[in-house]
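Data first, discussion second: the structure below is written as structure tokens.
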Amino acid sequence: MSEEWRSYQERGSGFWIRVVFWLGRCFGRPVTRLILWPIVSYFVLTGRDARQASRDYLRRVLDRPVRRGDIWRHLHVFASTILDRLYFYSDDQGVFDVRVQGAELFDPMIRSGRGALLLSAHLGSFDAMRGAAQQREEPLSLRVLMDLSHGAALNAALRSVNPELLDLVIDSSQASTELGLAIRDAIEEGCVVGLMADRVNSPQEKTVTVEFFGESVCVPATPWLLAAVLRVPVLLGICTFEGGRRYQVDFESLHPGGQAVGSRQRMAFAQQQAQAYMARVEHYARRSPYNWFNFYRYWSDEAQV
């Protein structure tokens, strides 16, 4: 992931996140969604890098010239999901119409007491998906990988809403050995471990090259190397914002787990599985094109670390 984007997020988001959450608490979601209009317009006018990244992505997914209104809509959908995190974290989910497909895939895991990996992407709302998973008749024990060394402003705001939820986070900024042990322990306890698999987070991370919208991108190999070592099922979870109060959650199986993958075959396994994963991400991006939230030079080789 681009260090420019991380720096931009931390510099630019803190004040506006506090403003949006304060408005959301004081005036409720309908009024605050109206106030998002001038906030988004400000970012469209001043956020050159995010604006260029949006245009770069939208020209691929829309297959037509990108208009300024498309970029505004793209950033508005992003801002809407940020606002809605306030309500999902405070467990005030009654204001939403969340439709779920594929939740039955978790039933065998719950019965066996064995965990799994749940991969998502920076596409839509992971928090809406988490909320839907935990509203099941048999709630999932879900742990989420998150880099707590970045996004301090957002993490602080979310912790102020629900201090307990961030205690369920596995900090992905810790050393790789400790992180691997934490993931292994969570899975052996029967947890589903959720993580994003569409961004490379450090120059030291192992990567594979895959095709995405017809061009090569680097994505992490780590999730698939974990799956090979731990021999666990891997699911995909995508939750897209469909406008108004509507979210659509889709779960599907990416890999059944169970079989051994030899150490010499693991990178080839990771490349093959990562390509299949990104093909499904592209499918959902085409279905809900304004839900893609990687606002940096995603297709640029220099921006992958």
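Following the order of the structure tokens, first chain is A, next is B, and so on, with residues numbered from 1 inside each chain and ligands from 1 in the order they appear.
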- Running DSSP on the backbone, which parts of region 139-268 of chain A land in alpha helix (DSSP H), as a PyMOL selection string? chain A and resi 152-161+176-188+222-230+266-268
- 10 Å contact set for Phe43 (chain A), only C-alpha atoms, chain neighbours under 4 positions out, as a ChimeraX atom specification: /A:12,38-39,47-48,50-51,72,75-76
- Item | Using only C-alpha atoms: which of A:Leu225, A:Ile35, A:Ala285, A:Val249 has the shortest distance to Ser263 (chain A) |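 Answer, going by the shortest atom-to-atom distance: A:Leu225.
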- Item | Option closest in space to Glu205 (chain A), from A:Gly237, A:Arg287, A:Thr222, A:Val193 [counting only C-alpha atoms] |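 Nearest to Glu205 (chain A): A:Thr222.
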Cut-off 10 Å: closest region 161-193 of chain A/region 105-111 of chain A atom pairs per residue, using only C-alpha atoms, as CSV:
residue,atom,partner,partner_atom,distance
A:Gly190,CA,A:Ile110,CA,7.4
A:Cys191,CA,A:Ile110,CA,8.9
A:Val192,CA,A:Met109,CA,8.8
May I have the residues from that selection written out with N, CA and C atoms, as a tab-separated table (two decimals), in the first residue's frame?
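And here is the file that came out, selection36.tsv:
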chain	number	residue	atom	x	y	z
A	190	GLY	N	-11.68	-21.72	17.18
A	190	GLY	CA	-12.95	-21.74	16.46
A	190	GLY	C	-13.36	-20.40	15.89
A	191	CYS	N	-12.45	-19.43	15.86
A	191	CYS	CA	-12.78	-18.11	15.34
A	191	CYS	C	-12.65	-18.07	13.82
A	192	VAL	N	-13.45	-17.23	13.22
A	192	VAL	CA	-13.27	-16.85	11.82
A	192	VAL	C	-12.42	-15.58	11.82
- Query: Which residue gives the smallest distance to Arg99 (chain A) among A:Ile17, A:Met129, A:Leu36, A:Leu86, with only C-alpha atoms counted?
  - Reply: A:Met129
- Can you list, as a PyMOL selection string, every protein, DNA or RNA residue that comes within 10 Å of region 155-161 of chain A when you count only C-alpha atoms, leaving out same-chain residues fewer than 6 positions away? chain A and resi 14+17-18+21-22+25+85-91+146-149+167
Suppose we keep C-alpha atoms; can you now write the selection as a PDB file, in the first residue's frame?
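Dumped to result_9.pdb:
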ATOM      1  CA  GLY A  14      -8.940  12.826  11.654  1.00  0.00           C
ATOM      2  CA  ILE A  17     -14.100  11.732  11.019  1.00  0.00           C
ATOM      3  CA  ARG A  18     -14.669  13.465  14.355  1.00  0.00           C
ATOM      4  CA  PHE A  21     -19.352  11.085  13.962  1.00  0.00           C
ATOM      5  CA  TRP A  22     -20.380  14.050  16.128  1.00  0.00           C
ATOM      6  CA  ARG A  25     -24.698  11.220  17.042  1.00  0.00           C
ATOM      7  CA  ARG A  85     -19.546   2.594  10.714  1.00  0.00           C
ATOM      8  CA  LEU A  86     -20.809   4.734  13.593  1.00  0.00           C
ATOM      9  CA  TYR A  87     -24.108   2.833  13.626  1.00  0.00           C
ATOM     10  CA  PHE A  88     -22.660  -0.614  12.956  1.00  0.00           C
ATOM     11  CA  TYR A  89     -20.128  -0.211  15.764  1.00  0.00           C
ATOM     12  CA  SER A  90     -22.773   1.050  18.167  1.00  0.00           C
ATOM     13  CA  ASP A  91     -24.941  -1.980  17.217  1.00  0.00           C
ATOM     14  CA  MET A 146      -6.250  -4.451  11.460  1.00  0.00           C
ATOM     15  CA  ASP A 147      -3.065  -2.392  11.380  1.00  0.00           C
ATOM     16  CA  LEU A 148      -3.397  -0.366  14.577  1.00  0.00           C
ATOM     17  CA  SER A 149      -0.231   1.590  13.802  1.00  0.00           C
ATOM     18  CA  ASP A 167     -10.536  -5.626  21.565  1.00  0.00           C
TER      19      ASP A 167
END
- Task: Name the residues of region 68-278 of chain A that come out as strand (DSSP E or B) in a backbone DSSP run; write them as a PyMOL selection string.
- Result: chain A and resi 97-101+116-120+123-124+142-146+169-171+192-196+207-212+215-220+234-243+246-255
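Restricting the calculation to only C-alpha atoms, the smallest distance between Asp84 (chain A) and any of A:Val20, A:Ile183, A:Ala274, A:Val144 is found for A:Val20.
Across A:Gly214, A:Pro289, A:Pro233, A:Pro203, the tightest approach to Arg55 (chain A) is made by A:Pro289 when counting only C-alpha atoms.
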- Give me the residues within 8 Å of Arg184 (chain A) as a list in words, counting only C-alpha atoms and dropping any in the same chain fewer than 4 places off. Gly180, Glu188 and Leu230 of chain A
Can those selected residues be exported to a file as a short mmCIF file (atom, residue, chain, number, x, y, z; two decimals), in the first residue's frame so that it contains C-alpha atoms?
data_model
loop_
_atom_site.label_atom_id
_atom_site.label_comp_id
_atom_site.auth_asym_id
_atom_site.auth_seq_id
_atom_site.Cartn_x
_atom_site.Cartn_y
_atom_site.Cartn_z
CA GLY A 180 1.07 -15.90 12.60
CA GLU A 188 -7.85 -23.21 16.76
CA LEU A 230 -3.14 -24.06 8.61
#
- Message: I'd like to know which of A:Arg143, A:Arg130, A:His122, A:Arg246 is closest to Tyr298 (chain A), using only C-alpha atoms.
- Response: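 Comparing A:Arg143, A:Arg130, A:His122, A:Arg246 against Tyr298 (chain A), the winner is A:His122.
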- Message: Taking 5 positions as the minimum chain separation for residues in the same chain, which residues sit within 12 Å of Asp63 (chain A) when counting only C-alpha atoms? Answer as a ChimeraX atom specification.
- Response: /A:55-58,213,286,289
- Please measure the separation of CA of Gly258 (chain A) and CA of Ile187 (chain A), giving the value in Å to one decimal. 13.6 Å
- Tell me, as a PyMOL selection string, which residues lie within 12 Å of Phe212 (chain A), counting only C-alpha atoms; anything in the same chain fewer than 6 positions away does not count. chain A and resi 57+60-61+198+218-219+274-283+285-286+298-299
Residue subset to file, keeping N, CA, C and O atoms, as a PDB file, in the first residue's frame:
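Wrote it out as out.pdb, contents follow:
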ATOM      1  N   TYR A  57      -9.419   4.303 -11.620  1.00  0.00           N
ATOM      2  CA  TYR A  57     -10.227   3.098 -11.411  1.00  0.00           C
ATOM      3  C   TYR A  57     -11.523   3.150 -12.223  1.00  0.00           C
ATOM      4  O   TYR A  57     -11.886   2.175 -12.897  1.00  0.00           O
ATOM      5  N   ARG A  60     -11.717   2.177 -15.834  1.00  0.00           N
ATOM      6  CA  ARG A  60     -11.646   0.735 -16.073  1.00  0.00           C
ATOM      7  C   ARG A  60     -12.997   0.061 -15.851  1.00  0.00           C
ATOM      8  O   ARG A  60     -13.435  -0.753 -16.643  1.00  0.00           O
ATOM      9  N   VAL A  61     -13.635   0.401 -14.750  1.00  0.00           N
ATOM     10  CA  VAL A  61     -14.856  -0.317 -14.386  1.00  0.00           C
ATOM     11  C   VAL A  61     -16.079   0.177 -15.163  1.00  0.00           C
ATOM     12  O   VAL A  61     -17.000  -0.607 -15.432  1.00  0.00           O
ATOM     13  N   ASP A 198      -6.367  -7.344  -0.635  1.00  0.00           N
ATOM     14  CA  ASP A 198      -6.180  -6.655  -1.911  1.00  0.00           C
ATOM     15  C   ASP A 198      -5.110  -5.571  -1.866  1.00  0.00           C
ATOM     16  O   ASP A 198      -4.860  -4.918  -2.871  1.00  0.00           O
ATOM     17  N   CYS A 218       0.094  -6.267  -7.887  1.00  0.00           N
ATOM     18  CA  CYS A 218       0.654  -7.111  -6.836  1.00  0.00           C
ATOM     19  C   CYS A 218      -0.317  -7.164  -5.664  1.00  0.00           C
ATOM     20  O   CYS A 218      -0.850  -6.130  -5.254  1.00  0.00           O
ATOM     21  N   VAL A 219      -0.547  -8.345  -5.145  1.00  0.00           N
ATOM     22  CA  VAL A 219      -1.395  -8.517  -3.971  1.00  0.00           C
ATOM     23  C   VAL A 219      -0.662  -9.415  -2.985  1.00  0.00           C
ATOM     24  O   VAL A 219       0.274 -10.130  -3.349  1.00  0.00           O
ATOM     25  N   ALA A 274      -4.886 -16.431  -5.316  1.00  0.00           N
ATOM     26  CA  ALA A 274      -5.020 -14.971  -5.319  1.00  0.00           C
ATOM     27  C   ALA A 274      -5.658 -14.491  -6.618  1.00  0.00           C
ATOM     28  O   ALA A 274      -6.457 -13.543  -6.615  1.00  0.00           O
ATOM     29  N   GLN A 275      -5.321 -15.139  -7.731  1.00  0.00           N
ATOM     30  CA  GLN A 275      -5.940 -14.761  -9.001  1.00  0.00           C
ATOM     31  C   GLN A 275      -7.451 -15.039  -8.968  1.00  0.00           C
ATOM     32  O   GLN A 275      -8.253 -14.212  -9.423  1.00  0.00           O
ATOM     33  N   ALA A 276      -7.842 -16.178  -8.426  1.00  0.00           N
ATOM     34  CA  ALA A 276      -9.266 -16.497  -8.323  1.00  0.00           C
ATOM     35  C   ALA A 276      -9.980 -15.499  -7.410  1.00  0.00           C
ATOM     36  O   ALA A 276     -11.105 -15.066  -7.710  1.00  0.00           O
ATOM     37  N   TYR A 277      -9.337 -15.138  -6.315  1.00  0.00           N
ATOM     38  CA  TYR A 277      -9.896 -14.149  -5.381  1.00  0.00           C
ATOM     39  C   TYR A 277     -10.102 -12.812  -6.074  1.00  0.00           C
ATOM     40  O   TYR A 277     -11.182 -12.201  -5.992  1.00  0.00           O
ATOM     41  N   MET A 278      -9.072 -12.314  -6.790  1.00  0.00           N
ATOM     42  CA  MET A 278      -9.191 -11.011  -7.429  1.00  0.00           C
ATOM     43  C   MET A 278     -10.206 -11.027  -8.575  1.00  0.00           C
ATOM     44  O   MET A 278     -10.830 -10.005  -8.865  1.00  0.00           O
ATOM     45  N   ALA A 279     -10.401 -12.167  -9.203  1.00  0.00           N
ATOM     46  CA  ALA A 279     -11.441 -12.273 -10.228  1.00  0.00           C
ATOM     47  C   ALA A 279     -12.817 -12.064  -9.612  1.00  0.00           C
ATOM     48  O   ALA A 279     -13.688 -11.407 -10.211  1.00  0.00           O
ATOM     49  N   ARG A 280     -13.027 -12.599  -8.416  1.00  0.00           N
ATOM     50  CA  ARG A 280     -14.309 -12.391  -7.732  1.00  0.00           C
ATOM     51  C   ARG A 280     -14.452 -10.949  -7.235  1.00  0.00           C
ATOM     52  O   ARG A 280     -15.534 -10.377  -7.286  1.00  0.00           O
ATOM     53  N   VAL A 281     -13.354 -10.362  -6.770  1.00  0.00           N
ATOM     54  CA  VAL A 281     -13.407  -8.951  -6.378  1.00  0.00           C
ATOM     55  C   VAL A 281     -13.791  -8.087  -7.581  1.00  0.00           C
ATOM     56  O   VAL A 281     -14.616  -7.170  -7.476  1.00  0.00           O
ATOM     57  N   GLU A 282     -13.212  -8.390  -8.732  1.00  0.00           N
ATOM     58  CA  GLU A 282     -13.563  -7.637  -9.950  1.00  0.00           C
ATOM     59  C   GLU A 282     -15.047  -7.806 -10.282  1.00  0.00           C
ATOM     60  O   GLU A 282     -15.712  -6.847 -10.693  1.00  0.00           O
ATOM     61  N   HIS A 283     -15.561  -9.010 -10.101  1.00  0.00           N
ATOM     62  CA  HIS A 283     -16.991  -9.243 -10.339  1.00  0.00           C
ATOM     63  C   HIS A 283     -17.848  -8.312  -9.492  1.00  0.00           C
ATOM     64  O   HIS A 283     -18.778  -7.664 -10.007  1.00  0.00           O
ATOM     65  N   ALA A 285     -16.899  -5.538  -7.980  1.00  0.00           N
ATOM     66  CA  ALA A 285     -16.628  -4.145  -8.329  1.00  0.00           C
ATOM     67  C   ALA A 285     -17.435  -3.736  -9.556  1.00  0.00           C
ATOM     68  O   ALA A 285     -17.956  -2.607  -9.622  1.00  0.00           O
ATOM     69  N   ARG A 286     -17.560  -4.615 -10.511  1.00  0.00           N
ATOM     70  CA  ARG A 286     -18.368  -4.302 -11.694  1.00  0.00           C
ATOM     71  C   ARG A 286     -19.847  -4.216 -11.330  1.00  0.00           C
ATOM     72  O   ARG A 286     -20.584  -3.408 -11.904  1.00  0.00           O
ATOM     73  N   TYR A 298      -3.298   2.416  -7.687  1.00  0.00           N
ATOM     74  CA  TYR A 298      -3.354   0.980  -7.439  1.00  0.00           C
ATOM     75  C   TYR A 298      -2.660   0.177  -8.518  1.00  0.00           C
ATOM     76  O   TYR A 298      -2.075  -0.864  -8.251  1.00  0.00           O
ATOM     77  N   TRP A 299      -2.712   0.628  -9.750  1.00  0.00           N
ATOM     78  CA  TRP A 299      -2.119  -0.117 -10.853  1.00  0.00           C
ATOM     79  C   TRP A 299      -0.670   0.285 -11.121  1.00  0.00           C
ATOM     80  O   TRP A 299      -0.059  -0.188 -12.054  1.00  0.00           O
TER      81      TRP A 299
END
